[in-house]
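Data block for my_file-v7.pdb (PDB, C-alpha atoms, pLDDT in the B column):
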ATOM      1  CA  MET A1439      -5.363  13.961  -0.236  1.00 96.00           C
ATOM      2  CA  ASN A1440      -5.129  11.089   2.257  1.00 98.00           C
ATOM      3  CA  LEU A1441      -4.260   7.693   0.781  1.00 98.00           C
ATOM      4  CA  LEU A1442      -4.439   4.366   2.632  1.00 98.00           C
ATOM      5  CA  PHE A1443      -2.694   1.252   1.271  1.00 98.00           C
ATOM      6  CA  LEU A1444      -3.873  -2.102   2.617  1.00 97.00           C
ATOM      7  CA  CYS A1445      -2.407  -5.594   2.381  1.00 95.00           C
ATOM      8  CA  THR A1446      -2.580  -8.673   4.573  1.00 93.00           C
ATOM      9  CA  GLY A1447       0.216  -8.364   7.142  1.00 95.00           C
ATOM     10  CA  ASN A1448       1.517  -4.820   6.547  1.00 97.00           C
ATOM     11  CA  THR A1449       5.078  -6.127   6.177  1.00 96.00           C
ATOM     12  CA  CYS A1450       5.552  -6.406   2.380  1.00 95.00           C
ATOM     13  CA  ARG A1451       3.281  -4.707  -0.129  1.00 97.00           C
ATOM     14  CA  SER A1452       1.476  -1.894   1.666  1.00 98.00           C
ATOM     15  CA  PRO A1453       4.572  -0.490   3.422  1.00 98.00           C
ATOM     16  CA  VAL A1454       6.459  -0.517   0.109  1.00 98.00           C
ATOM     17  CA  ALA A1455       3.493   1.300  -1.466  1.00 98.00           C
ATOM     18  CA  LYS A1456       3.536   3.889   1.333  1.00 98.00           C
ATOM     19  CA  ILE A1457       7.266   4.548   1.333  1.00 97.00           C
ATOM     20  CA  LEU A1458       7.641   4.513  -2.442  1.00 97.00           C
ATOM     21  CA  GLY A1459       4.431   6.540  -2.848  1.00 97.00           C
ATOM     22  CA  GLU A1460       5.712   9.219  -0.469  1.00 97.00           C
ATOM     23  CA  LYS A1461       8.995   9.448  -2.362  1.00 96.00           C
ATOM     24  CA  MET A1462       7.265   9.684  -5.739  1.00 97.00           C
ATOM     25  CA  ALA A1463       4.696  12.224  -4.468  1.00 97.00           C
ATOM     26  CA  ASP A1464       7.493  14.399  -3.054  1.00 96.00           C
ATOM     27  CA  GLU A1465       9.310  14.274  -6.402  1.00 95.00           C
ATOM     28  CA  ARG A1466       6.094  15.481  -8.092  1.00 96.00           C
ATOM     29  CA  GLY A1467       5.439  18.174  -5.481  1.00 96.00           C
ATOM     30  CA  LEU A1468       2.092  16.609  -4.536  1.00 96.00           C
ATOM     31  CA  ASP A1469       0.430  17.313  -1.196  1.00 95.00           C
ATOM     32  CA  VAL A1470      -0.562  13.822  -0.063  1.00 97.00           C
ATOM     33  CA  SER A1471      -0.488  11.959   3.226  1.00 98.00           C
ATOM     34  CA  ILE A1472      -0.078   8.195   3.054  1.00 98.00           C
ATOM     35  CA  ARG A1473      -0.637   5.385   5.541  1.00 98.00           C
ATOM     36  CA  SER A1474      -0.182   1.637   5.204  1.00 98.00           C
ATOM     37  CA  ARG A1475      -2.041  -0.936   7.230  1.00 98.00           C
ATOM     38  CA  GLY A1476      -2.803  -4.654   7.241  1.00 96.00           C
ATOM     39  CA  PHE A1477      -5.994  -6.662   7.550  1.00 93.00           C
ATOM     40  CA  ALA A1478      -4.246  -9.206   9.775  1.00 92.00           C
ATOM     41  CA  ALA A1479      -1.102  -7.405  10.912  1.00 94.00           C
ATOM     42  CA  ILE A1480       0.950  -8.299  13.954  1.00 94.00           C
ATOM     43  CA  ASP A1481       1.243  -4.801  15.381  1.00 96.00           C
ATOM     44  CA  GLY A1482       4.845  -3.686  15.787  1.00 96.00           C
ATOM     45  CA  GLU A1483       6.371  -6.237  13.414  1.00 96.00           C
ATOM     46  CA  GLY A1484       9.063  -4.909  11.083  1.00 95.00           C
ATOM     47  CA  MET A1485       9.047  -4.994   7.312  1.00 96.00           C
ATOM     48  CA  SER A1486       9.985  -8.272   5.619  1.00 96.00           C
ATOM     49  CA  ARG A1487      13.646  -8.746   4.688  1.00 95.00           C
ATOM     50  CA  GLY A1488      12.774  -8.960   1.014  1.00 96.00           C
ATOM     51  CA  SER A1489      10.868  -5.675   1.041  1.00 97.00           C
ATOM     52  CA  LEU A1490      13.679  -3.978   2.969  1.00 96.00           C
ATOM     53  CA  ALA A1491      16.199  -5.332   0.448  1.00 96.00           C
ATOM     54  CA  VAL A1492      14.244  -4.266  -2.636  1.00 96.00           C
ATOM     55  CA  LEU A1493      13.830  -0.757  -1.192  1.00 97.00           C
ATOM     56  CA  ALA A1494      17.543  -0.640  -0.279  1.00 97.00           C
ATOM     57  CA  GLN A1495      18.407  -1.484  -3.904  1.00 95.00           C
ATOM     58  CA  GLU A1496      16.645   1.786  -4.769  1.00 94.00           C
ATOM     59  CA  GLY A1497      18.435   3.722  -2.013  1.00 95.00           C
ATOM     60  CA  ILE A1498      15.342   3.825   0.199  1.00 96.00           C
ATOM     61  CA  ASP A1499      15.378   2.988   3.926  1.00 95.00           C
ATOM     62  CA  GLY A1500      12.350   1.122   5.265  1.00 95.00           C
ATOM     63  CA  SER A1501      13.809   0.023   8.588  1.00 95.00           C
ATOM     64  CA  PHE A1502      11.599   2.409  10.566  1.00 96.00           C
ATOM     65  CA  HIS A1503       8.354   0.700   9.486  1.00 97.00           C
ATOM     66  CA  ARG A1504       6.235  -1.093  12.084  1.00 97.00           C
ATOM     67  CA  ALA A1505       3.134  -3.046  11.087  1.00 97.00           C
ATOM     68  CA  LYS A1506      -0.302  -1.810  12.141  1.00 98.00           C
ATOM     69  CA  THR A1507      -3.735  -3.342  11.842  1.00 97.00           C
ATOM     70  CA  VAL A1508      -6.252  -1.203   9.972  1.00 96.00           C
ATOM     71  CA  GLY A1509      -8.795   0.518  12.200  1.00 95.00           C
ATOM     72  CA  GLU A1510     -11.928   2.586  11.792  1.00 94.00           C
ATOM     73  CA  GLU A1511      -9.955   5.821  12.214  1.00 96.00           C
ATOM     74  CA  ASP A1512      -7.733   4.887   9.245  1.00 97.00           C
ATOM     75  CA  LEU A1513     -10.766   4.198   7.059  1.00 96.00           C
ATOM     76  CA  THR A1514     -12.478   7.491   7.898  1.00 96.00           C
ATOM     77  CA  TRP A1515      -9.184   9.432   7.543  1.00 98.00           C
ATOM     78  CA  ALA A1516      -8.558   8.168   4.001  1.00 98.00           C
ATOM     79  CA  HIS A1517      -9.944   9.892   0.937  1.00 98.00           C
ATOM     80  CA  ARG A1518      -8.998   6.785  -1.057  1.00 98.00           C
ATOM     81  CA  ILE A1519      -8.312   3.228   0.092  1.00 98.00           C
ATOM     82  CA  TYR A1520      -6.170   0.979  -2.129  1.00 98.00           C
ATOM     83  CA  THR A1521      -6.022  -2.795  -1.803  1.00 98.00           C
ATOM     84  CA  MET A1522      -3.420  -5.072  -3.366  1.00 97.00           C
ATOM     85  CA  THR A1523      -5.867  -7.655  -4.760  1.00 97.00           C
ATOM     86  CA  GLN A1524      -9.400  -7.842  -6.130  1.00 97.00           C
ATOM     87  CA  GLY A1525     -10.186 -10.339  -3.353  1.00 96.00           C
ATOM     88  CA  GLN A1526      -9.154  -7.864  -0.653  1.00 96.00           C
ATOM     89  CA  LYS A1527     -11.196  -5.148  -2.361  1.00 97.00           C
ATOM     90  CA  ALA A1528     -14.290  -7.374  -2.524  1.00 96.00           C
ATOM     91  CA  ILE A1529     -13.998  -8.383   1.145  1.00 93.00           C
ATOM     92  CA  LEU A1530     -13.577  -4.771   2.249  1.00 94.00           C
ATOM     93  CA  GLU A1531     -16.550  -3.628   0.166  1.00 95.00           C
ATOM     94  CA  ARG A1532     -18.714  -6.455   1.527  1.00 96.00           C
ATOM     95  CA  LYS A1533     -17.742  -5.950   5.176  1.00 93.00           C
ATOM     96  CA  LEU A1534     -17.671  -2.149   5.086  1.00 94.00           C
ATOM     97  CA  PRO A1535     -20.150  -0.987   2.433  1.00 95.00           C
ATOM     98  CA  GLN A1536     -20.126   2.557   3.837  1.00 96.00           C
ATOM     99  CA  TYR A1537     -16.615   2.969   2.354  1.00 96.00           C
ATOM    100  CA  ARG A1538     -17.382   1.383  -1.034  1.00 96.00           C
ATOM    101  CA  ASP A1539     -17.018   4.662  -2.962  1.00 97.00           C
ATOM    102  CA  LYS A1540     -13.427   5.159  -1.873  1.00 97.00           C
ATOM    103  CA  ILE A1541     -12.076   1.590  -2.226  1.00 97.00           C
ATOM    104  CA  PHE A1542      -9.900   0.859  -5.265  1.00 97.00           C
ATOM    105  CA  LEU A1543      -7.458  -1.762  -6.515  1.00 97.00           C
ATOM    106  CA  LEU A1544      -3.900  -0.414  -6.716  1.00 98.00           C
ATOM    107  CA  GLY A1545      -3.098  -0.798 -10.391  1.00 95.00           C
ATOM    108  CA  GLU A1546      -4.884  -2.783 -13.035  1.00 94.00           C
ATOM    109  CA  GLU A1547      -4.234  -6.284 -11.683  1.00 95.00           C
ATOM    110  CA  ASP A1548      -3.498  -7.998  -8.387  1.00 97.00           C
ATOM    111  CA  ILE A1549      -0.108  -7.356  -6.806  1.00 97.00           C
ATOM    112  CA  ALA A1550       0.953 -10.804  -5.592  1.00 94.00           C
ATOM    113  CA  ASP A1551       2.216 -11.242  -2.049  1.00 94.00           C
ATOM    114  CA  PRO A1552       5.957 -11.990  -2.285  1.00 95.00           C
ATOM    115  CA  ILE A1553       6.231 -13.314   1.285  1.00 91.00           C
ATOM    116  CA  GLY A1554       8.164 -16.570   1.310  1.00 88.00           C
ATOM    117  CA  GLY A1555       9.543 -15.962  -2.170  1.00 92.00           C
ATOM    118  CA  GLY A1556      12.975 -14.966  -3.376  1.00 93.00           C
ATOM    119  CA  MET A1557      14.278 -11.621  -4.523  1.00 96.00           C
ATOM    120  CA  GLU A1558      12.751 -12.204  -7.974  1.00 96.00           C
ATOM    121  CA  GLU A1559       9.264 -12.068  -6.424  1.00 96.00           C
ATOM    122  CA  TYR A1560      10.090  -8.980  -4.382  1.00 97.00           C
ATOM    123  CA  ARG A1561      11.626  -7.255  -7.400  1.00 97.00           C
ATOM    124  CA  ALA A1562       8.543  -8.092  -9.511  1.00 97.00           C
ATOM    125  CA  MET A1563       6.278  -6.736  -6.746  1.00 97.00           C
ATOM    126  CA  PHE A1564       8.325  -3.534  -6.563  1.00 97.00           C
ATOM    127  CA  GLN A1565       8.260  -2.964 -10.320  1.00 97.00           C
ATOM    128  CA  GLN A1566       4.520  -3.592 -10.529  1.00 97.00           C
ATOM    129  CA  MET A1567       3.952  -1.308  -7.542  1.00 96.00           C
ATOM    130  CA  GLU A1568       6.105   1.435  -9.056  1.00 97.00           C
ATOM    131  CA  GLY A1569       4.055   1.386 -12.270  1.00 97.00           C
ATOM    132  CA  ALA A1570       0.753   1.415 -10.368  1.00 98.00           C
ATOM    133  CA  LEU A1571       1.894   4.310  -8.177  1.00 98.00           C
ATOM    134  CA  GLU A1572       3.085   6.319 -11.188  1.00 97.00           C
ATOM    135  CA  GLU A1573      -0.354   5.993 -12.752  1.00 96.00           C
ATOM    136  CA  LEU A1574      -2.140   6.777  -9.478  1.00 97.00           C
ATOM    137  CA  LEU A1575      -0.054   9.872  -8.727  1.00 97.00           C
ATOM    138  CA  ASP A1576      -0.192  11.142 -12.310  1.00 94.00           C
ATOM    139  CA  ASN A1577      -3.999  11.057 -12.079  1.00 92.00           C
ATOM    140  CA  LEU A1578      -4.407  12.806  -8.715  1.00 87.00           C
TER     141      LEU A1578
END
Transcribe the structure of this file into structure tokens.
Amino acid sequence: MNLLFLCTGNTCRSPVAKILGEKMADERGLDVSIRSRGFAAIDGEGMSRGSLAVLAQEGIDGSFHRAKTVGEEDLTWAHRIYTMTQGQKAILERKLPQYRDKIFLLGEEDIADPIGGGMEEYRAMFQQMEGALEELLDNL
């Protein structure tokens, strides 16, 4: 199963979803491949300090991540595409209706962008993401 996580800049939410999702899938023995991309990424940019810090608190290294803009190949590769907000999901469905059947919101409610916030916002994002990923992986 190929999973694609999308956010705006590919420096906060989607890379955390990818890295944490890979760890959780490995722990469950699931055969999944995961990518993260951004709608408006600056290709090559590293992960935000807050996301790196929240992962480090969990003993996870995210320093290798480099932002990438989503491309057609990513969309065709993915069996499922997960956005962080309903707004992102709606835009993607409107602009790319051919992928509508495989576009989902990660979790039950929007995962707010913590960029510019403090560690409380990053920690809240991580906890919400962890719960959403648990549900997603348990239902694969």
Could you expand the PyMOL selection byres ((chain A and resi 1510-1518) around 12) into the explicit residues it covers here, written as a VMD selection string?
chain A and resid 1439 to 1444 1470 to 1477 1506 to 1509 1519 to 1521 1530 to 1531 1534 to 1544 1574 1578
Show which residues sit within 10 Å of range 1479-1487 of chain A, as a PyMOL selection string. Count all atoms listed in the file, and ignore same-chain residues fewer than 5 positions away.
chain A and resi 1445-1454+1492-1493+1500-1508+1552-1554+1557+1560
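Pairwise distance (CA of Glu1572 in chain A, CA of Gly1555 in chain A) equals 24.9 Å.
What separates CA of Glu1558 in chain A from CA of Gly1488 in chain A is a distance of 9.6 Å.
Shortest atom-to-atom contact with Asp1499 in chain A among A:Arg1561, A:Lys1527, A:Arg1466, A:Lys1461: A:Lys1461, counting only C-alpha atoms.
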As lines of an AutoDock Vina configuration file, please report the centre and edge lengths, rounded to one decimal in Å, of the axis-aligned box that holds all listed atoms of range 1482-1491 of chain A with 8 Å of padding on each of the six sides.
center_x = 10.5
center_y = -6.3
center_z = 8.1
size_x = 27.4
size_y = 21.3
size_z = 31.3
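Across the structure, CA of Glu1547 in chain A and CA of Gln1566 in chain A are spaced 9.2 Å apart.
With only C-alpha atoms as the atoms that count, the minimum distance from Asp1576 in chain A to the choices A:Glu1465, A:Glu1546, A:Glu1496, A:Asp1551 is reached by A:Glu1465.
Running the PyMOL selection byres ((chain A and resi 1571) around 10) on this file leaves Ala1455, Lys1456, Leu1458, Gly1459, Glu1460, Met1462, Ala1463, Leu1544, Gly1545, Gln1565, Gln1566, Met1567, Glu1568, Gly1569, Ala1570, Glu1572, Glu1573, Leu1574, Leu1575, Asp1576 and Asn1577 of chain A selected.
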Could you rebuild range 1494-1505 of chain A with all heavy atoms and give it back as a compact mmCIF listing (two decimals), keeping the file's coordinate frame?
# COMPACT_ATOMS: atom_id res chain seq x y z
N ALA A 1494 16.13 -1.02 -0.41
CA ALA A 1494 17.54 -0.64 -0.28
C ALA A 1494 18.23 -0.59 -1.64
O ALA A 1494 19.09 0.27 -1.88
CB ALA A 1494 18.27 -1.61 0.65
N GLN A 1495 17.84 -1.50 -2.55
CA GLN A 1495 18.41 -1.48 -3.90
C GLN A 1495 18.10 -0.17 -4.62
O GLN A 1495 18.81 0.22 -5.54
CB GLN A 1495 17.87 -2.66 -4.73
CG GLN A 1495 18.41 -3.99 -4.30
CD GLN A 1495 17.76 -5.15 -5.04
OE1 GLN A 1495 16.78 -4.99 -5.77
NE2 GLN A 1495 18.30 -6.34 -4.84
N GLU A 1496 17.04 0.50 -4.19
CA GLU A 1496 16.64 1.79 -4.77
C GLU A 1496 17.13 2.97 -3.92
O GLU A 1496 16.75 4.10 -4.16
CB GLU A 1496 15.12 1.85 -4.91
CG GLU A 1496 14.53 0.76 -5.78
CD GLU A 1496 14.95 0.90 -7.24
OE1 GLU A 1496 15.05 2.04 -7.72
OE2 GLU A 1496 15.16 -0.14 -7.89
N GLY A 1497 17.92 2.67 -2.89
CA GLY A 1497 18.43 3.72 -2.01
C GLY A 1497 17.41 4.24 -1.02
O GLY A 1497 17.52 5.37 -0.54
N ILE A 1498 16.42 3.42 -0.70
CA ILE A 1498 15.34 3.82 0.20
C ILE A 1498 15.41 2.99 1.48
O ILE A 1498 15.50 1.77 1.43
CB ILE A 1498 13.96 3.63 -0.48
CG1 ILE A 1498 13.89 4.40 -1.80
CG2 ILE A 1498 12.84 4.05 0.46
CD1 ILE A 1498 12.69 4.04 -2.65
N ASP A 1499 15.34 3.66 2.62
CA ASP A 1499 15.38 2.99 3.93
C ASP A 1499 13.96 2.72 4.41
O ASP A 1499 13.16 3.64 4.52
CB ASP A 1499 16.11 3.87 4.94
CG ASP A 1499 16.15 3.27 6.34
OD1 ASP A 1499 16.02 2.03 6.47
OD2 ASP A 1499 16.29 4.05 7.30
N GLY A 1500 13.66 1.47 4.72
CA GLY A 1500 12.35 1.12 5.26
C GLY A 1500 12.42 0.56 6.67
O GLY A 1500 11.44 0.05 7.19
N SER A 1501 13.59 0.68 7.29
CA SER A 1501 13.81 0.02 8.59
C SER A 1501 12.94 0.59 9.71
O SER A 1501 12.74 -0.08 10.72
CB SER A 1501 15.28 0.11 8.99
OG SER A 1501 15.66 1.47 9.15
N PHE A 1502 12.42 1.77 9.54
CA PHE A 1502 11.60 2.41 10.57
C PHE A 1502 10.18 1.84 10.62
O PHE A 1502 9.47 2.02 11.61
CB PHE A 1502 11.50 3.92 10.31
CG PHE A 1502 10.86 4.23 8.98
CD1 PHE A 1502 9.50 4.36 8.85
CD2 PHE A 1502 11.66 4.35 7.84
CE1 PHE A 1502 8.91 4.61 7.62
CE2 PHE A 1502 11.08 4.61 6.60
CZ PHE A 1502 9.70 4.74 6.49
N HIS A 1503 9.75 1.15 9.57
CA HIS A 1503 8.35 0.70 9.49
C HIS A 1503 8.00 -0.31 10.57
O HIS A 1503 8.77 -1.23 10.86
CB HIS A 1503 8.08 0.06 8.12
CG HIS A 1503 6.72 -0.56 8.04
ND1 HIS A 1503 5.58 0.19 7.89
CD2 HIS A 1503 6.32 -1.86 8.15
CE1 HIS A 1503 4.53 -0.62 7.88
NE2 HIS A 1503 4.96 -1.87 8.05
N ARG A 1504 6.81 -0.15 11.14
CA ARG A 1504 6.24 -1.09 12.08
C ARG A 1504 4.80 -1.36 11.66
O ARG A 1504 4.03 -0.44 11.43
CB ARG A 1504 6.26 -0.56 13.53
CG ARG A 1504 7.67 -0.40 14.10
CD ARG A 1504 8.36 -1.76 14.22
NE ARG A 1504 9.76 -1.65 14.57
CZ ARG A 1504 10.78 -1.74 13.71
NH1 ARG A 1504 10.56 -1.91 12.43
NH2 ARG A 1504 12.03 -1.67 14.11
N ALA A 1505 4.46 -2.63 11.56
CA ALA A 1505 3.13 -3.05 11.09
C ALA A 1505 2.03 -2.55 12.02
O ALA A 1505 2.21 -2.48 13.24
CB ALA A 1505 3.07 -4.56 10.97
